[in-house]
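Worksheet for the structure shown next.
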Amino acid sequence: MELVGRRYDTYEAVSIKIKGEKISSIDLLPNSEAADLPFIAPSLFDLQINGHGGIWFNQQGLTVEDVCSVLEKHYQYGITRLCPTLITSSYEDYVGGFSAIREACEQYEWVDQMVPGCHLEGPYISQIQGPRGAHPLDHVRAADWDEFSRLQEISGDRIRLITLAPEVENAIPFIKKAVASGVVVSIGHTAAEPEQITAAVDAGARLSTHLGNGAHGTLRRHPNYIWEQLGESRLMASIITDGHHLPASVVRTVIKTKGVENTVITCDASGLAGSPPGIYEEGSVKMEVLEDGPIVIAGQRQLLAGSGVETDTCVTTAIDMAGITLQQALDMAGRNPARLLGFDEVNLEVGSRADLILFHYEGTSSRMNIQTTLACGVVKYGTLLVNS
């Protein structure tokens with residue numbers, strides 16, 4: 001198979017040949033041919049996707065068919081790897097969710113390739129309104145290593161990322177055990193004091209989950225838990241760049257402070273992403289999809305409940321908000337998540353996994369128009385107007 005397009009990093013016209021699951025050759029073409037060609041880039045890898053179209057990964061009665069339906073929809077957004085994210089829930093809902101995901105991975109090779117790991121966001125988080133976000137209060141609880149170990153076994157050792165608050169009971173010993181077991185620990189949905197943030201990082205925490213969100217509407221000037229995480233060089237930071245969760249000034253500040261190499265773009269797509277406007281009963285929480293796009297706790301506009309857009313939109317919105325390059329934004333939404341979790345990074349290099357996207361992009365204030373998504377050298381979405 002041969003792909004022809006412009007490299008996302010150098011804009012050079014290239015011919016990329018694929019053999020099996022890998023890139024077998026890359027040859028430069030005359031740049032005079034580049035103008036009308038689509039861009040070619042590594043595909044996207046999102047650490048935090050909660051579901052789609054009314055299906056949540058932690059909902060009661062989740063089936064293998066539900067899992068496959070949600071995952072397959074994400075190829076159209078250029079996503080070939082993602083972490084199904086299960087938010088704060090009952091133990092029984094977790095068992096159902098992780099069991100369905102494991103069964104889907106074991107039944108279908110393409111699912112196993114698309115799900116390198118799962119993200120447990122909660123339930124060991126702050127009970128305080130604001131930091132708790134849209135997570136249901138009735139299921140928030142202290143960190144419980146025995147419970148987590150049971151869930152990890154049920155998942156088939158697929159939980160690779162957990163978000164928790166450092167101030168909850170048993171958090172620090174939990175972090176140490178999780179890190180020793182190979183799980184990446186992220187700080188999020190927290191109202192921690194500075195010394196608690198430091199203790200969590202000393203114990204091995206490596207990421208801040210959607211920094212700047214899952215927080216009080218009003219904070220003391222300083223110190224506070226956002227400054228502490230922003231200034232902690234040992235922490236990477238994920239940010240939701242959908243245009244609703246953070247203002248441009250915060251996006252610019254996080255990227256400039258952490259550096260492109262230590263910032264991760266996530267969409268944090270809600271299970272209601274792709275759903276029409278309206279009010280939805282989600283367990284004990286009422287959520288609302290607003291006409292102009294945001295998904296919120298019903299009845300107000302400040303407390304968001306995940307995003308209604310996907311990672312491709314967050315990439316181009318980050319470019320507009322922070323003045324970064326196409327390469328920088330795509331690397332924050334693909335290579336950085338893979339590196340954080342210890343999975344192979346996709347590069348435009350011979351021998352790299354052929355998880356690639358072809359797309360058109362007209363520059364600032366425009367959006368990516370995904371033409372084709374390939375996963376392990378197989379076309380999963382769109383058309384392939386190339387030689388095979």
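Chain labels follow the order of the structure tokens: the first chain is A, the next B, and so on; residue numbering restarts at 1 in every chain, and ligands are counted from 1 in their shown order.
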Any idea what's packed within 7 Å of stretch 326-328 of chain A, counting only C-alpha atoms, ignoring anything in its chain fewer than 3 positions away? Could you give it as a PDB file with C-alpha atoms, in the first residue's frame?
```
ATOM      1  CA  TYR A   8       2.599  17.057   9.080  1.00  0.00           C
ATOM      2  CA  ASP A   9       5.972  18.034  10.534  1.00  0.00           C
ATOM      3  CA  VAL A 260       4.986  20.762  24.393  1.00  0.00           C
ATOM      4  CA  ILE A 319      -3.605  25.656  17.604  1.00  0.00           C
ATOM      5  CA  ASP A 331       2.182  15.259  18.957  1.00  0.00           C
ATOM      6  CA  MET A 332       0.430  16.350  22.171  1.00  0.00           C
TER       7      MET A 332
END
```
Env of A:Arg335: 12 Å cut, atoms = only C-alpha atoms, seq-sep filter 2 positions within chain, self excluded. Answer as an mmCIF file with C-alpha atoms, in the first residue's frame.
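Once everything was written out, this is out24.cif:
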```cif
data_model
loop_
_atom_site.group_PDB
_atom_site.id
_atom_site.type_symbol
_atom_site.label_atom_id
_atom_site.label_comp_id
_atom_site.auth_asym_id
_atom_site.auth_seq_id
_atom_site.Cartn_x
_atom_site.Cartn_y
_atom_site.Cartn_z
ATOM 1 C CA ALA A 41 0.373 12.324 10.340
ATOM 2 C CA PRO A 42 0.421 9.760 13.116
ATOM 3 C CA SER A 43 -3.091 9.037 14.333
ATOM 4 C CA LEU A 44 -4.500 10.296 17.623
ATOM 5 C CA PHE A 45 -4.337 8.578 21.017
ATOM 6 C CA ASP A 46 -6.714 9.936 23.659
ATOM 7 C CA LEU A 47 -6.249 9.060 27.337
ATOM 8 C CA ARG A 81 -5.974 4.270 20.267
ATOM 9 C CA VAL A 260 4.986 20.762 24.393
ATOM 10 C CA GLU A 261 6.707 17.513 25.349
ATOM 11 C CA ASN A 262 4.956 17.398 28.746
ATOM 12 C CA THR A 263 1.455 18.446 27.711
ATOM 13 C CA VAL A 264 -1.278 16.041 26.610
ATOM 14 C CA ILE A 265 -4.365 17.083 24.658
ATOM 15 C CA GLN A 327 3.024 19.245 14.538
ATOM 16 C CA GLN A 328 3.074 20.335 18.172
ATOM 17 C CA ALA A 329 -0.679 19.935 18.587
ATOM 18 C CA LEU A 330 -0.768 16.523 16.920
ATOM 19 C CA ASP A 331 2.182 15.259 18.957
ATOM 20 C CA MET A 332 0.430 16.350 22.171
ATOM 21 C CA ALA A 333 -2.601 14.331 21.057
ATOM 22 C CA PRO A 337 -0.003 9.999 25.576
ATOM 23 C CA ALA A 338 1.728 6.913 24.187
ATOM 24 C CA ARG A 339 5.031 7.878 25.805
ATOM 25 C CA LEU A 340 3.388 8.610 29.159
ATOM 26 C CA LEU A 341 1.787 5.163 29.330
ATOM 27 C CA GLY A 342 4.812 3.345 27.944
ATOM 28 C CA PHE A 343 3.323 2.326 24.584
ATOM 29 C CA ASP A 344 4.976 2.625 21.187
ATOM 30 C CA GLU A 345 4.983 6.118 19.710
ATOM 31 C CA VAL A 346 3.874 6.357 16.100
ATOM 32 C CA ASN A 347 6.313 8.322 13.952
ATOM 33 C CA LEU A 348 6.657 8.976 10.251
ATOM 34 C CA ASP A 355 -1.438 4.112 12.539
#
```
Legend entry - Given only C-alpha atoms as the counted atoms, nearest of A:Asn50, A:Gly122, A:Leu37, A:Phe98 to A:Thr63: A:Phe98
Listing only residues of stretch 15-116 of chain A within 10 Å of stretch 161-179 of chain A, what is the closest atom pair and its distance in Å (to one decimal) for each, using only C-alpha atoms, sorted by chain and residue number ascending, as CSV?
```
residue,atom,partner,partner_atom,distance
A:Leu47,CA,A:Leu161,CA,8.3
A:Gln48,CA,A:Leu161,CA,9.6
A:Cys83,CA,A:Leu161,CA,8.5
A:Thr85,CA,A:Leu161,CA,9.2
A:Leu86,CA,A:Ile162,CA,9.7
A:Ile87,CA,A:Thr163,CA,9.3
```
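Atom CA of A:Leu71 sits 16.5 Å away from atom CA of A:Ser307.
Residues of stretch 251-323 of chain A that DSSP, applied to the backbone, places in strand (DSSP E): A:Thr263, A:Val264, A:Ile265, A:Thr266, A:Gly278, A:Ile279, A:Tyr280, A:Glu281, A:Glu282, A:Val285, A:Lys286, A:Met287, A:Glu288, A:Val289, A:Ile295, A:Val296, A:Ile297.
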Could you dump the residues just selected with N, CA and C atoms as a short mmCIF file (atom, residue, chain, number, x, y, z; two decimals), in the first residue's frame?
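Output contents, as saved in selection-v5.cif:
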```cif
data_model
loop_
_atom_site.label_atom_id
_atom_site.label_comp_id
_atom_site.auth_asym_id
_atom_site.auth_seq_id
_atom_site.Cartn_x
_atom_site.Cartn_y
_atom_site.Cartn_z
N THR A 263 2.87 18.10 27.74
CA THR A 263 1.46 18.45 27.71
C THR A 263 0.71 17.44 26.84
N VAL A 264 -0.45 17.01 27.32
CA VAL A 264 -1.28 16.04 26.61
C VAL A 264 -2.62 16.69 26.30
N ILE A 265 -3.02 16.63 25.04
CA ILE A 265 -4.36 17.08 24.66
C ILE A 265 -5.33 15.92 24.77
N THR A 266 -6.44 16.15 25.47
CA THR A 266 -7.52 15.17 25.55
C THR A 266 -8.83 15.86 25.24
N GLY A 278 -30.50 18.46 24.93
CA GLY A 278 -31.57 18.01 25.82
C GLY A 278 -31.04 17.63 27.18
N ILE A 279 -31.92 17.25 28.09
CA ILE A 279 -31.56 16.84 29.44
C ILE A 279 -31.59 15.32 29.52
N TYR A 280 -30.58 14.75 30.14
CA TYR A 280 -30.42 13.31 30.23
C TYR A 280 -30.22 12.91 31.68
N GLU A 281 -30.86 11.82 32.09
CA GLU A 281 -30.67 11.25 33.42
C GLU A 281 -29.53 10.25 33.34
N GLU A 282 -28.43 10.54 34.02
CA GLU A 282 -27.27 9.66 34.01
C GLU A 282 -27.02 9.21 35.45
N VAL A 285 -27.21 11.73 38.44
CA VAL A 285 -26.85 13.06 37.95
C VAL A 285 -27.64 13.39 36.70
N LYS A 286 -28.23 14.59 36.67
CA LYS A 286 -28.88 15.08 35.46
C LYS A 286 -27.88 15.92 34.67
N MET A 287 -27.73 15.57 33.39
CA MET A 287 -26.82 16.30 32.52
C MET A 287 -27.59 16.90 31.37
N GLU A 288 -27.02 17.96 30.80
CA GLU A 288 -27.69 18.65 29.71
C GLU A 288 -26.71 18.91 28.57
N VAL A 289 -27.11 18.54 27.37
CA VAL A 289 -26.37 18.90 26.17
C VAL A 289 -26.95 20.21 25.67
N ILE A 295 -21.54 20.28 27.35
CA ILE A 295 -22.32 19.32 28.14
C ILE A 295 -22.10 19.68 29.60
N VAL A 296 -23.19 19.91 30.34
CA VAL A 296 -23.09 20.46 31.69
C VAL A 296 -24.00 19.69 32.64
N ILE A 297 -23.76 19.92 33.94
CA ILE A 297 -24.75 19.50 34.94
C ILE A 297 -26.01 20.32 34.67
#
```
Inset, instruction - Compare A:Thr317, A:Met368, A:Cys376, A:Gln229 by their minimum atom-to-atom distance to A:Ser352, counting only C-alpha atoms, and give me the closest one. - result: A:Cys376
Legend entry - Contact residues around A:Leu303 with only C-alpha atoms at 12 Å, ignoring same-chain residues under 6 positions, as a ChimeraX atom specification: /A:129-135,213-217,244-245,286-288,294-297
Legend entry - Contacts of A:Leu3 within 7 Å, only C-alpha atoms, excl. fewer than 2 positions in-chain, as a list in words: Met1, Gly5, Ser15, Ile16, Lys17 and Val386 of chain A
Inset, instruction - Have a look at A:Thr257, A:Gln113, A:Gln127, A:Gln152 and name the one nearest to A:Leu82; count only C-alpha atoms. - result: A:Gln113
Inset, instruction - Please identify which residues in stretch 214-368 of chain A DSSP calls alpha helix (DSSP H) from the backbone, and express them as a count of residues only. - result: 43
